[in-house]
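K.L.:
Before anything else, here's the structure in question.
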Amino acid sequence: MEIKKVAVFVSGGGTNLQAIIDAKNAGKLPFCELSLVLSSNDSAYALTRAKDNGIASVVVSPKAYASKADYAKALIETLEGYGIDIIVLAGFMSILDESFIQRYENRILNVHPSLIPSFCGDGFYGLRVHEAALMRGVKLTGATVHFVNEVADGGPIIIQRAVQVLDGDTPQVLQKRVMEQAEWDILPRALALLSEEKITVENDKVFIKQ
């Protein structure tokens with residue numbers, strides 16, 4: 001099977017990037033080559049993680065472009081230069097243009113820190129998701145890996161993992177538990193499935209080959 005070249009898009013610390021690197025080092029991503037870390041922010045610590053692990057990195061800031069369409073063209077040119085097959089959004093805070101999403105249909109993975117369709121969509125990111133979950137009083141939350149489409153958090157769902165909400169949780173404590181118990185596991189798993197060509201999408205539903 002062909003090795004897939006993977007680009008991980010980041011904007012901050014890169015903890016989900018680290019989970020992917022750890023999975024690769026553990027032999028769990030045999031058909032992936034971590035070819036590029038692309039950051040929208042030149043001060044993102046994720047760039048240091050890339051350097052420490054010998055992964056090429058580049059900064060492509062949306063602030064440098066007049067429109068989302070121009071930014072999309074710059075991203076596409078960058079990815080084509082590295083021959084990228086799969087994109088993973090790992091804490092990437094910039095909105096992608098429809099032209100970019102359509103070009104890489106069913107090849108862009110995103111991890112969201114809730115059980116979609118709860119606490120998702122426009123305005124739900126980072127601690128806001130966990131604040132909303134605690135305010136609603138849910139007993140279970142979790143994380144979802146899905147394909148990216150033109151609707152925020154609206155793409156076909158690949159994997160979900162539930163995480164218990166505990167009495168006394170703060171948004172920060174809950175965020176850490178969701179990352180450790182869900183995000184850092186299911187994101188590399190979904191990437192492995194996609195790179196091994198075990199995922200098909202029909203009528204916006206994901207089917208996984210066993």
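Just so we're on the same page: first chain in the structure tokens is A, next is B, and so on; residues restart at 1 for each chain, and ligands are numbered from 1 in the order they show up.
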Set the distance at 8 Å and use only C-alpha atoms: which residues neighbour A:Gln175 once local chain neighbours fewer than 4 positions away are removed? I'd like the list as a list in words.

P.N.:
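In the requested format, the answer is Pro113, Leu127, His130, Pro171 and Met179 of chain A.
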
K.L.:
With only C-alpha atoms as the atoms that count, which of A:Ile55, A:Val6, A:Ala152, A:Leu140 lies nearest to A:Leu79?

P.N.:
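Closest to A:Leu79 of all the choices is A:Val6.
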
K.L.:
If we count only C-alpha atoms and set the cut-off at 6 Å, which residues sit around A:Phe9, ignoring sequence neighbours fewer than 3 positions away in its own chain? Please answer as a PyMOL selection string.

P.N.:
chain A and resi 37-39+89-90+92

K.L.:
Could you tell me, as an MDAnalysis selection string, which residues of stretch 1-167 of chain A DSSP assigns to alpha helix (DSSP H) when given the backbone?

P.N.:
chainID A and resid 15:25 46:52 68:82 98:103 127:136

K.L.:
Neighbours of A:Leu194 within 10 Å (only C-alpha atoms; same-chain residues fewer than 2 positions away dropped), as a list in words?

P.N.:
Lys4, Phe31, Cys32, Ile86, Asn106, Arg107, Ile108, Leu109, Ile158, Pro188, Arg189, Ala190, Leu191, Ala192, Glu196, Glu197, Lys198, Ile199, Thr200 and Ile208 of chain A

K.L.:
Measuring between only C-alpha atoms, which one of A:Val10, A:Gly121, A:Leu17, A:Asp167 shows the shortest distance to A:Val138?

P.N.:
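The closest residue to A:Val138 is A:Asp167.
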
K.L.:
List the spatial neighbours of A:Pro156 as a ChimeraX atom specification - criterion: any atom at most 12 Å away, only C-alpha atoms, same-chain residues fewer than 6 positions off excluded.

P.N.:
/A:105-111,116-117,144-150,199-207

K.L.:
Those same residues, written as an mmCIF file, in the first residue's frame with N, CA and C atoms?

P.N.:
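Saved the output as out.cif:
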data_model
loop_
_atom_site.group_PDB
_atom_site.id
_atom_site.type_symbol
_atom_site.label_atom_id
_atom_site.label_comp_id
_atom_site.auth_asym_id
_atom_site.auth_seq_id
_atom_site.Cartn_x
_atom_site.Cartn_y
_atom_site.Cartn_z
ATOM 1 N N GLU A 105 -11.501 17.030 -0.491
ATOM 2 C CA GLU A 105 -12.699 16.390 0.050
ATOM 3 C C GLU A 105 -12.380 15.008 0.625
ATOM 4 N N ASN A 106 -12.864 14.786 1.840
ATOM 5 C CA ASN A 106 -12.665 13.520 2.558
ATOM 6 C C ASN A 106 -11.185 13.174 2.746
ATOM 7 N N ARG A 107 -10.366 14.224 2.779
ATOM 8 C CA ARG A 107 -8.942 14.040 3.083
ATOM 9 C C ARG A 107 -8.476 14.985 4.182
ATOM 10 N N ILE A 108 -9.431 15.723 4.783
ATOM 11 C CA ILE A 108 -9.102 16.637 5.882
ATOM 12 C C ILE A 108 -9.772 16.122 7.151
ATOM 13 N N LEU A 109 -8.961 15.791 8.151
ATOM 14 C CA LEU A 109 -9.472 15.337 9.443
ATOM 15 C C LEU A 109 -9.440 16.480 10.444
ATOM 16 N N ASN A 110 -10.445 16.504 11.315
ATOM 17 C CA ASN A 110 -10.461 17.463 12.421
ATOM 18 C C ASN A 110 -10.911 16.746 13.686
ATOM 19 N N VAL A 111 -10.340 17.135 14.810
ATOM 20 C CA VAL A 111 -10.798 16.614 16.092
ATOM 21 C C VAL A 111 -11.499 17.747 16.836
ATOM 22 N N ILE A 116 -20.124 15.418 18.948
ATOM 23 C CA ILE A 116 -20.959 16.062 17.938
ATOM 24 C C ILE A 116 -22.238 15.222 17.759
ATOM 25 N N PRO A 117 -23.433 15.848 17.736
ATOM 26 C CA PRO A 117 -23.714 17.261 17.454
ATOM 27 C C PRO A 117 -23.827 18.180 18.679
ATOM 28 N N THR A 144 -14.687 13.996 19.069
ATOM 29 C CA THR A 144 -15.118 13.470 17.774
ATOM 30 C C THR A 144 -14.063 13.780 16.727
ATOM 31 N N VAL A 145 -13.705 12.774 15.934
ATOM 32 C CA VAL A 145 -12.903 13.020 14.744
ATOM 33 C C VAL A 145 -13.829 12.909 13.540
ATOM 34 N N HIS A 146 -13.791 13.925 12.689
ATOM 35 C CA HIS A 146 -14.687 13.959 11.539
ATOM 36 C C HIS A 146 -13.959 14.525 10.330
ATOM 37 N N PHE A 147 -14.510 14.253 9.163
ATOM 38 C CA PHE A 147 -14.023 14.917 7.959
ATOM 39 C C PHE A 147 -14.515 16.361 7.967
ATOM 40 N N VAL A 148 -13.743 17.222 7.353
ATOM 41 C CA VAL A 148 -14.101 18.638 7.275
ATOM 42 C C VAL A 148 -14.880 18.893 5.987
ATOM 43 N N ASN A 149 -16.028 19.551 6.140
ATOM 44 C CA ASN A 149 -16.754 20.029 4.965
ATOM 45 C C ASN A 149 -17.055 21.513 5.146
ATOM 46 N N GLU A 150 -17.974 22.043 4.345
ATOM 47 C CA GLU A 150 -18.210 23.494 4.360
ATOM 48 C C GLU A 150 -18.976 23.963 5.590
ATOM 49 N N ILE A 199 -11.543 3.617 5.061
ATOM 50 C CA ILE A 199 -12.710 4.481 5.241
ATOM 51 C C ILE A 199 -13.360 4.759 3.897
ATOM 52 N N THR A 200 -14.673 4.578 3.846
ATOM 53 C CA THR A 200 -15.445 5.029 2.697
ATOM 54 C C THR A 200 -16.573 5.922 3.212
ATOM 55 N N VAL A 201 -17.000 6.857 2.374
ATOM 56 C CA VAL A 201 -18.071 7.787 2.731
ATOM 57 C C VAL A 201 -19.201 7.657 1.726
ATOM 58 N N GLU A 202 -20.395 7.388 2.235
ATOM 59 C CA GLU A 202 -21.580 7.292 1.389
ATOM 60 C C GLU A 202 -22.707 8.075 2.048
ATOM 61 N N ASN A 203 -23.273 9.029 1.301
ATOM 62 C CA ASN A 203 -24.373 9.862 1.818
ATOM 63 C C ASN A 203 -24.019 10.487 3.156
ATOM 64 N N ASP A 204 -22.806 11.009 3.229
ATOM 65 C CA ASP A 204 -22.304 11.720 4.414
ATOM 66 C C ASP A 204 -22.169 10.820 5.635
ATOM 67 N N LYS A 205 -22.133 9.530 5.441
ATOM 68 C CA LYS A 205 -21.891 8.588 6.547
ATOM 69 C C LYS A 205 -20.607 7.820 6.279
ATOM 70 N N VAL A 206 -19.853 7.581 7.341
ATOM 71 C CA VAL A 206 -18.571 6.887 7.240
ATOM 72 C C VAL A 206 -18.761 5.400 7.500
ATOM 73 N N PHE A 207 -18.146 4.608 6.654
ATOM 74 C CA PHE A 207 -18.117 3.152 6.840
ATOM 75 C C PHE A 207 -16.651 2.718 6.936
#

K.L.:
Would you please work out which residue, of A:Lys139, A:Arg103, A:Lys51, A:Lys24, is nearest to A:Ile76 when using only C-alpha atoms?

P.N.:
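Of all the options, A:Arg103 lies closest to A:Ile76.
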
K.L.:
What separation in Å, quoted to one decimal, exists between atom CA of A:Ile84 and atom CA of A:Gly123?

P.N.:
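Between these atoms lies a distance of 29.1 Å.
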
K.L.:
Using only C-alpha atoms, which residue out of A:Val129, A:Ala56, A:Leu187, A:Ala44 lies closest to A:Leu174?

P.N.:
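Among A:Val129, A:Ala56, A:Leu187, A:Ala44, it is A:Val129 that comes nearest to A:Leu174.
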
K.L.:
Write out as a compact mmCIF listing (two decimals) with all heavy atoms, in the first residue's frame all residues of chain A that DSSP puts in strand (DSSP E) for this structure's backbone.

P.N.:
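Okay, this is what ended up in part_18.txt:
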# COMPACT_ATOMS: atom_id res chain seq x y z
N LYS A 4 1.16 7.47 2.60
CA LYS A 4 0.48 8.76 2.44
C LYS A 4 1.29 9.86 3.13
O LYS A 4 1.73 9.71 4.27
CB LYS A 4 -0.93 8.71 3.06
CG LYS A 4 -1.78 7.55 2.57
CD LYS A 4 -2.02 7.57 1.08
CE LYS A 4 -3.09 6.57 0.66
NZ LYS A 4 -2.77 5.19 1.02
N LYS A 5 1.46 10.96 2.42
CA LYS A 5 2.15 12.12 3.00
C LYS A 5 1.14 12.98 3.75
O LYS A 5 0.12 13.37 3.19
CB LYS A 5 2.85 12.92 1.90
CG LYS A 5 4.00 12.16 1.26
CD LYS A 5 4.78 13.04 0.30
CE LYS A 5 5.99 12.31 -0.26
NZ LYS A 5 6.80 13.18 -1.13
N VAL A 6 1.44 13.27 5.00
CA VAL A 6 0.50 13.94 5.89
C VAL A 6 1.01 15.33 6.27
O VAL A 6 2.19 15.50 6.62
CB VAL A 6 0.29 13.11 7.18
CG1 VAL A 6 -0.65 13.82 8.14
CG2 VAL A 6 -0.23 11.72 6.83
N ALA A 7 0.13 16.31 6.22
CA ALA A 7 0.40 17.64 6.75
C ALA A 7 -0.48 17.87 7.96
O ALA A 7 -1.69 17.60 7.91
CB ALA A 7 0.13 18.72 5.70
N VAL A 8 0.10 18.34 9.04
CA VAL A 8 -0.64 18.66 10.25
C VAL A 8 -0.70 20.18 10.39
O VAL A 8 0.34 20.85 10.43
CB VAL A 8 0.01 18.03 11.51
CG1 VAL A 8 -0.84 18.33 12.74
CG2 VAL A 8 0.17 16.52 11.33
N PHE A 9 -1.92 20.71 10.42
CA PHE A 9 -2.14 22.16 10.54
C PHE A 9 -2.30 22.52 12.02
O PHE A 9 -3.11 21.90 12.72
CB PHE A 9 -3.41 22.57 9.79
CG PHE A 9 -3.26 22.68 8.29
CD1 PHE A 9 -2.30 21.96 7.61
CD2 PHE A 9 -4.10 23.51 7.56
CE1 PHE A 9 -2.18 22.06 6.22
CE2 PHE A 9 -4.00 23.62 6.19
CZ PHE A 9 -3.03 22.89 5.51
N VAL A 10 -1.57 23.53 12.46
CA VAL A 10 -1.55 23.91 13.87
C VAL A 10 -1.62 25.43 14.01
O VAL A 10 -1.38 26.17 13.06
CB VAL A 10 -0.27 23.39 14.56
CG1 VAL A 10 -0.19 21.87 14.51
CG2 VAL A 10 0.97 24.00 13.91
N CYS A 32 1.81 6.21 7.02
CA CYS A 32 1.87 7.68 7.06
C CYS A 32 3.31 8.16 7.11
O CYS A 32 4.14 7.61 7.82
CB CYS A 32 1.16 8.21 8.31
SG CYS A 32 -0.62 8.06 8.30
N GLU A 33 3.57 9.21 6.35
CA GLU A 33 4.81 9.97 6.47
C GLU A 33 4.43 11.36 6.96
O GLU A 33 3.66 12.05 6.29
CB GLU A 33 5.53 10.05 5.14
CG GLU A 33 6.78 10.92 5.15
CD GLU A 33 7.36 11.11 3.77
OE1 GLU A 33 7.54 10.10 3.07
OE2 GLU A 33 7.61 12.27 3.39
N LEU A 34 4.92 11.74 8.11
CA LEU A 34 4.64 13.08 8.63
C LEU A 34 5.54 14.06 7.89
O LEU A 34 6.69 14.29 8.26
CB LEU A 34 4.86 13.14 10.14
CG LEU A 34 4.03 12.14 10.96
CD1 LEU A 34 4.25 12.34 12.46
CD2 LEU A 34 2.54 12.25 10.63
N SER A 35 5.00 14.63 6.82
CA SER A 35 5.81 15.39 5.87
C SER A 35 5.88 16.87 6.18
O SER A 35 6.84 17.54 5.78
CB SER A 35 5.25 15.20 4.45
OG SER A 35 5.26 13.84 4.08
N LEU A 36 4.87 17.41 6.87
CA LEU A 36 4.82 18.86 7.04
C LEU A 36 3.98 19.24 8.24
O LEU A 36 2.92 18.66 8.47
CB LEU A 36 4.22 19.51 5.78
CG LEU A 36 4.10 21.04 5.77
CD1 LEU A 36 5.48 21.70 5.77
CD2 LEU A 36 3.29 21.51 4.57
N VAL A 37 4.46 20.22 9.00
CA VAL A 37 3.65 20.91 9.99
C VAL A 37 3.46 22.33 9.49
O VAL A 37 4.44 23.05 9.25
CB VAL A 37 4.31 20.90 11.38
CG1 VAL A 37 3.56 21.83 12.34
CG2 VAL A 37 4.36 19.48 11.94
N LEU A 38 2.21 22.71 9.28
CA LEU A 38 1.89 24.05 8.76
C LEU A 38 1.18 24.85 9.84
O LEU A 38 0.15 24.41 10.35
CB LEU A 38 1.03 23.93 7.51
CG LEU A 38 0.73 25.23 6.76
CD1 LEU A 38 0.57 24.97 5.26
CD2 LEU A 38 -0.54 25.92 7.28
N SER A 39 1.74 25.98 10.18
CA SER A 39 1.18 26.81 11.25
C SER A 39 0.67 28.13 10.71
O SER A 39 1.26 28.72 9.81
CB SER A 39 2.24 27.08 12.33
OG SER A 39 1.70 27.90 13.35
N SER A 57 8.60 22.26 8.55
CA SER A 57 7.52 23.14 8.99
C SER A 57 7.53 24.43 8.19
O SER A 57 8.55 24.83 7.63
CB SER A 57 7.65 23.46 10.49
OG SER A 57 8.85 24.18 10.75
N VAL A 58 6.36 25.04 8.14
CA VAL A 58 6.21 26.29 7.42
C VAL A 58 5.12 27.11 8.09
O VAL A 58 4.18 26.55 8.67
CB VAL A 58 5.87 26.03 5.93
CG1 VAL A 58 4.52 25.33 5.80
CG2 VAL A 58 5.88 27.31 5.12
N VAL A 59 5.26 28.42 8.05
CA VAL A 59 4.22 29.32 8.56
C VAL A 59 3.52 29.98 7.38
O VAL A 59 4.17 30.59 6.52
CB VAL A 59 4.82 30.40 9.49
CG1 VAL A 59 3.73 31.38 9.94
CG2 VAL A 59 5.49 29.76 10.69
N ILE A 86 -2.94 13.82 2.83
CA ILE A 86 -3.91 13.91 3.94
C ILE A 86 -3.56 15.12 4.79
O ILE A 86 -2.39 15.40 5.05
CB ILE A 86 -3.87 12.63 4.82
CG1 ILE A 86 -4.31 11.41 4.01
CG2 ILE A 86 -4.76 12.80 6.05
CD1 ILE A 86 -4.12 10.10 4.75
N ILE A 87 -4.60 15.81 5.25
CA ILE A 87 -4.43 16.98 6.12
C ILE A 87 -5.11 16.69 7.46
O ILE A 87 -6.24 16.20 7.49
CB ILE A 87 -5.05 18.23 5.48
CG1 ILE A 87 -4.38 18.54 4.14
CG2 ILE A 87 -4.95 19.44 6.42
CD1 ILE A 87 -5.23 19.35 3.21
N VAL A 88 -4.41 17.01 8.54
CA VAL A 88 -4.99 16.88 9.87
C VAL A 88 -5.03 18.25 10.52
O VAL A 88 -3.99 18.91 10.65
CB VAL A 88 -4.17 15.91 10.77
CG1 VAL A 88 -4.82 15.80 12.14
CG2 VAL A 88 -4.05 14.55 10.12
N LEU A 89 -6.22 18.70 10.92
CA LEU A 89 -6.35 19.96 11.65
C LEU A 89 -6.20 19.64 13.13
O LEU A 89 -7.03 18.94 13.70
CB LEU A 89 -7.70 20.61 11.37
CG LEU A 89 -8.05 20.86 9.90
CD1 LEU A 89 -9.35 21.64 9.80
CD2 LEU A 89 -6.93 21.59 9.17
N ILE A 108 -9.43 15.72 4.78
CA ILE A 108 -9.10 16.64 5.88
C ILE A 108 -9.77 16.12 7.15
O ILE A 108 -11.00 16.03 7.23
CB ILE A 108 -9.58 18.07 5.61
CG1 ILE A 108 -9.13 18.57 4.24
CG2 ILE A 108 -9.08 19.01 6.71
CD1 ILE A 108 -9.71 19.92 3.85
N LEU A 109 -8.96 15.79 8.15
CA LEU A 109 -9.47 15.34 9.44
C LEU A 109 -9.44 16.48 10.44
O LEU A 109 -8.52 17.29 10.45
CB LEU A 109 -8.61 14.19 9.99
CG LEU A 109 -8.47 12.92 9.15
CD1 LEU A 109 -7.53 11.95 9.85
CD2 LEU A 109 -9.83 12.29 8.93
N ASN A 110 -10.45 16.50 11.31
CA ASN A 110 -10.46 17.46 12.42
C ASN A 110 -10.91 16.75 13.69
O ASN A 110 -11.75 15.85 13.63
CB ASN A 110 -11.42 18.62 12.13
CG ASN A 110 -11.40 19.66 13.24
OD1 ASN A 110 -10.36 20.18 13.60
ND2 ASN A 110 -12.56 19.96 13.80
N VAL A 111 -10.34 17.14 14.81
CA VAL A 111 -10.80 16.61 16.09
C VAL A 111 -11.50 17.75 16.84
O VAL A 111 -10.99 18.86 16.92
CB VAL A 111 -9.64 16.02 16.93
CG1 VAL A 111 -8.58 17.06 17.26
CG2 VAL A 111 -10.18 15.36 18.20
N HIS A 112 -12.70 17.45 17.34
CA HIS A 112 -13.49 18.45 18.08
C HIS A 112 -13.75 17.93 19.48
O HIS A 112 -14.11 16.75 19.65
CB HIS A 112 -14.83 18.70 17.36
CG HIS A 112 -15.66 19.74 18.04
ND1 HIS A 112 -15.40 21.09 17.94
CD2 HIS A 112 -16.74 19.63 18.87
CE1 HIS A 112 -16.28 21.75 18.65
NE2 HIS A 112 -17.10 20.90 19.22
N LEU A 140 -21.82 13.12 30.44
CA LEU A 140 -20.85 12.58 29.50
C LEU A 140 -20.52 13.64 28.45
O LEU A 140 -21.42 14.31 27.94
CB LEU A 140 -21.37 11.33 28.79
CG LEU A 140 -21.40 10.02 29.57
CD1 LEU A 140 -22.05 8.94 28.71
CD2 LEU A 140 -20.01 9.58 29.98
N THR A 141 -19.24 13.76 28.15
CA THR A 141 -18.81 14.56 27.01
C THR A 141 -17.84 13.69 26.23
O THR A 141 -17.95 12.48 26.25
CB THR A 141 -18.21 15.90 27.45
OG1 THR A 141 -17.93 16.70 26.30
CG2 THR A 141 -16.98 15.75 28.31
N GLY A 142 -16.90 14.28 25.53
CA GLY A 142 -15.97 13.45 24.80
C GLY A 142 -15.33 14.19 23.65
O GLY A 142 -15.18 15.42 23.69
N ALA A 143 -14.95 13.44 22.62
CA ALA A 143 -14.33 14.05 21.45
C ALA A 143 -14.77 13.30 20.20
O ALA A 143 -15.18 12.14 20.26
CB ALA A 143 -12.81 14.01 21.56
N THR A 144 -14.69 14.00 19.07
CA THR A 144 -15.12 13.47 17.77
C THR A 144 -14.06 13.78 16.73
O THR A 144 -13.58 14.91 16.64
CB THR A 144 -16.43 14.14 17.33
OG1 THR A 144 -17.44 13.94 18.32
CG2 THR A 144 -16.91 13.58 16.00
N VAL A 145 -13.71 12.77 15.93
CA VAL A 145 -12.90 13.02 14.74
C VAL A 145 -13.83 12.91 13.54
O VAL A 145 -14.57 11.93 13.41
CB VAL A 145 -11.74 12.02 14.60
CG1 VAL A 145 -10.96 12.31 13.32
CG2 VAL A 145 -10.81 12.11 15.80
N HIS A 146 -13.79 13.92 12.69
CA HIS A 146 -14.69 13.96 11.54
C HIS A 146 -13.96 14.53 10.33
O HIS A 146 -12.92 15.18 10.46
CB HIS A 146 -15.93 14.81 11.85
CG HIS A 146 -15.61 16.25 12.13
ND1 HIS A 146 -15.64 17.23 11.16
CD2 HIS A 146 -15.24 16.89 13.27
CE1 HIS A 146 -15.31 18.40 11.68
NE2 HIS A 146 -15.07 18.23 12.96
N PHE A 147 -14.51 14.25 9.16
CA PHE A 147 -14.02 14.92 7.96
C PHE A 147 -14.52 16.36 7.97
O PHE A 147 -15.58 16.67 8.51
CB PHE A 147 -14.54 14.21 6.70
CG PHE A 147 -13.83 12.93 6.39
CD1 PHE A 147 -14.53 11.73 6.36
CD2 PHE A 147 -12.48 12.91 6.09
CE1 PHE A 147 -13.90 10.54 6.05
CE2 PHE A 147 -11.83 11.73 5.78
CZ PHE A 147 -12.54 10.54 5.77
N ILE A 157 -18.82 11.88 10.51
CA ILE A 157 -18.14 11.47 11.74
C ILE A 157 -17.41 10.15 11.52
O ILE A 157 -17.98 9.19 10.99
CB ILE A 157 -19.16 11.35 12.89
CG1 ILE A 157 -19.68 12.74 13.27
CG2 ILE A 157 -18.55 10.66 14.11
CD1 ILE A 157 -20.85 12.71 14.23
N ILE A 158 -16.16 10.10 11.97
CA ILE A 158 -15.34 8.89 11.82
C ILE A 158 -15.28 8.10 13.13
O ILE A 158 -15.59 6.92 13.16
CB ILE A 158 -13.92 9.26 11.35
CG1 ILE A 158 -13.98 10.03 10.03
CG2 ILE A 158 -13.06 8.00 11.20
CD1 ILE A 158 -12.67 10.67 9.62
N ILE A 159 -14.86 8.74 14.20
CA ILE A 159 -14.73 8.08 15.51
C ILE A 159 -15.18 9.06 16.59
O ILE A 159 -14.89 10.26 16.51
CB ILE A 159 -13.28 7.66 15.82
CG1 ILE A 159 -12.69 6.77 14.73
CG2 ILE A 159 -13.21 6.92 17.16
CD1 ILE A 159 -11.23 6.41 14.96
N GLN A 160 -15.85 8.53 17.62
CA GLN A 160 -16.16 9.30 18.82
C GLN A 160 -15.74 8.51 20.05
O GLN A 160 -15.74 7.27 20.04
CB GLN A 160 -17.66 9.62 18.91
CG GLN A 160 -18.13 10.58 17.83
CD GLN A 160 -19.59 10.97 18.00
OE1 GLN A 160 -20.46 10.10 17.99
NE2 GLN A 160 -19.87 12.26 18.12
N ARG A 161 -15.39 9.23 21.10
CA ARG A 161 -15.03 8.59 22.36
C ARG A 161 -15.65 9.41 23.50
O ARG A 161 -15.46 10.62 23.57
CB ARG A 161 -13.51 8.55 22.52
CG ARG A 161 -12.99 8.11 23.89
CD ARG A 161 -13.20 6.64 24.18
NE ARG A 161 -12.60 5.78 23.17
CZ ARG A 161 -11.29 5.48 23.16
NH1 ARG A 161 -10.46 5.97 24.06
NH2 ARG A 161 -10.82 4.68 22.22
N ALA A 162 -16.41 8.74 24.36
CA ALA A 162 -17.06 9.41 25.48
C ALA A 162 -16.11 9.54 26.67
O ALA A 162 -15.25 8.68 26.90
CB ALA A 162 -18.31 8.64 25.90
N VAL A 163 -16.28 10.61 27.42
CA VAL A 163 -15.49 10.90 28.62
C VAL A 163 -16.44 11.36 29.72
O VAL A 163 -17.32 12.19 29.47
CB VAL A 163 -14.43 11.99 28.35
CG1 VAL A 163 -13.71 12.38 29.62
CG2 VAL A 163 -13.44 11.52 27.29
N GLN A 164 -16.28 10.83 30.90
CA GLN A 164 -17.16 11.17 32.02
C GLN A 164 -16.88 12.58 32.53
O GLN A 164 -15.71 13.00 32.63
CB GLN A 164 -16.98 10.17 33.16
CG GLN A 164 -18.02 10.30 34.26
CD GLN A 164 -17.92 9.18 35.29
OE1 GLN A 164 -17.01 8.35 35.22
NE2 GLN A 164 -18.84 9.15 36.23
N ILE A 199 -11.54 3.62 5.06
CA ILE A 199 -12.71 4.48 5.24
C ILE A 199 -13.36 4.76 3.90
O ILE A 199 -12.69 5.13 2.93
CB ILE A 199 -12.32 5.82 5.90
CG1 ILE A 199 -11.82 5.59 7.33
CG2 ILE A 199 -13.50 6.79 5.91
CD1 ILE A 199 -11.31 6.85 8.00
N THR A 200 -14.67 4.58 3.85
CA THR A 200 -15.44 5.03 2.70
C THR A 200 -16.57 5.92 3.21
O THR A 200 -17.03 5.76 4.35
CB THR A 200 -16.05 3.86 1.90
OG1 THR A 200 -16.85 3.06 2.79
CG2 THR A 200 -14.96 2.99 1.30
N VAL A 201 -17.00 6.86 2.37
CA VAL A 201 -18.07 7.79 2.73
C VAL A 201 -19.20 7.66 1.73
O VAL A 201 -18.97 7.78 0.51
CB VAL A 201 -17.57 9.24 2.77
CG1 VAL A 201 -18.70 10.19 3.17
CG2 VAL A 201 -16.40 9.39 3.73
N GLU A 202 -20.39 7.39 2.23
CA GLU A 202 -21.58 7.29 1.39
C GLU A 202 -22.71 8.08 2.05
O GLU A 202 -23.05 7.83 3.21
CB GLU A 202 -22.00 5.83 1.22
CG GLU A 202 -20.97 4.96 0.51
CD GLU A 202 -21.40 3.51 0.42
OE1 GLU A 202 -22.59 3.23 0.68
OE2 GLU A 202 -20.54 2.66 0.12
N LYS A 205 -22.13 9.53 5.44
CA LYS A 205 -21.89 8.59 6.55
C LYS A 205 -20.61 7.82 6.28
O LYS A 205 -20.32 7.45 5.13
CB LYS A 205 -23.06 7.62 6.70
CG LYS A 205 -24.33 8.27 7.24
CD LYS A 205 -25.41 7.24 7.50
CE LYS A 205 -26.66 7.90 8.07
NZ LYS A 205 -27.73 6.91 8.36
N VAL A 206 -19.85 7.58 7.34
CA VAL A 206 -18.57 6.89 7.24
C VAL A 206 -18.76 5.40 7.50
O VAL A 206 -19.45 5.00 8.45
CB VAL A 206 -17.56 7.47 8.24
CG1 VAL A 206 -16.36 6.56 8.41
CG2 VAL A 206 -17.11 8.86 7.80
N PHE A 207 -18.15 4.61 6.65
CA PHE A 207 -18.12 3.15 6.84
C PHE A 207 -16.65 2.72 6.94
O PHE A 207 -15.82 3.14 6.12
CB PHE A 207 -18.81 2.45 5.68
CG PHE A 207 -20.26 2.79 5.56
CD1 PHE A 207 -20.67 3.91 4.82
CD2 PHE A 207 -21.23 2.03 6.22
CE1 PHE A 207 -22.02 4.23 4.73
CE2 PHE A 207 -22.57 2.36 6.12
CZ PHE A 207 -22.98 3.46 5.38
N ILE A 208 -16.36 1.91 7.95
CA ILE A 208 -14.99 1.50 8.20
C ILE A 208 -14.83 0.01 7.92
O ILE A 208 -15.57 -0.81 8.47
CB ILE A 208 -14.58 1.81 9.66
CG1 ILE A 208 -14.66 3.33 9.91
CG2 ILE A 208 -13.18 1.27 9.96
CD1 ILE A 208 -14.43 3.73 11.34

K.L.:
If you measure from atom CA of A:Glu98 to atom CA of A:Gly83, what distance in Å do you get, rounded to one decimal?

P.N.:
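Interatomic distance here is 20.5 Å.
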
K.L.:
For atom CA of A:Asp185 and atom CA of A:Thr170, determine how far apart the two atoms are, in Å to one decimal place.

P.N.:
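Value for the atom CA of A:Asp185-atom CA of A:Thr170 distance: 22.1 Å.
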
K.L.:
Which one is closest to A:Asp122: A:Gln18, A:Val151, A:Leu134, A:Tyr71? Count only C-alpha atoms.

P.N.:
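For A:Asp122, the nearest of the candidates is A:Val151.
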
K.L.:
Can you work out which one of A:Phe119, A:Lys68, A:Ser195, A:Glu77 has the shortest atom-to-atom distance to A:Ser94, counting only C-alpha atoms?

P.N.:
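Looking only at the distances to A:Ser94, the closest residue turns out to be A:Lys68.
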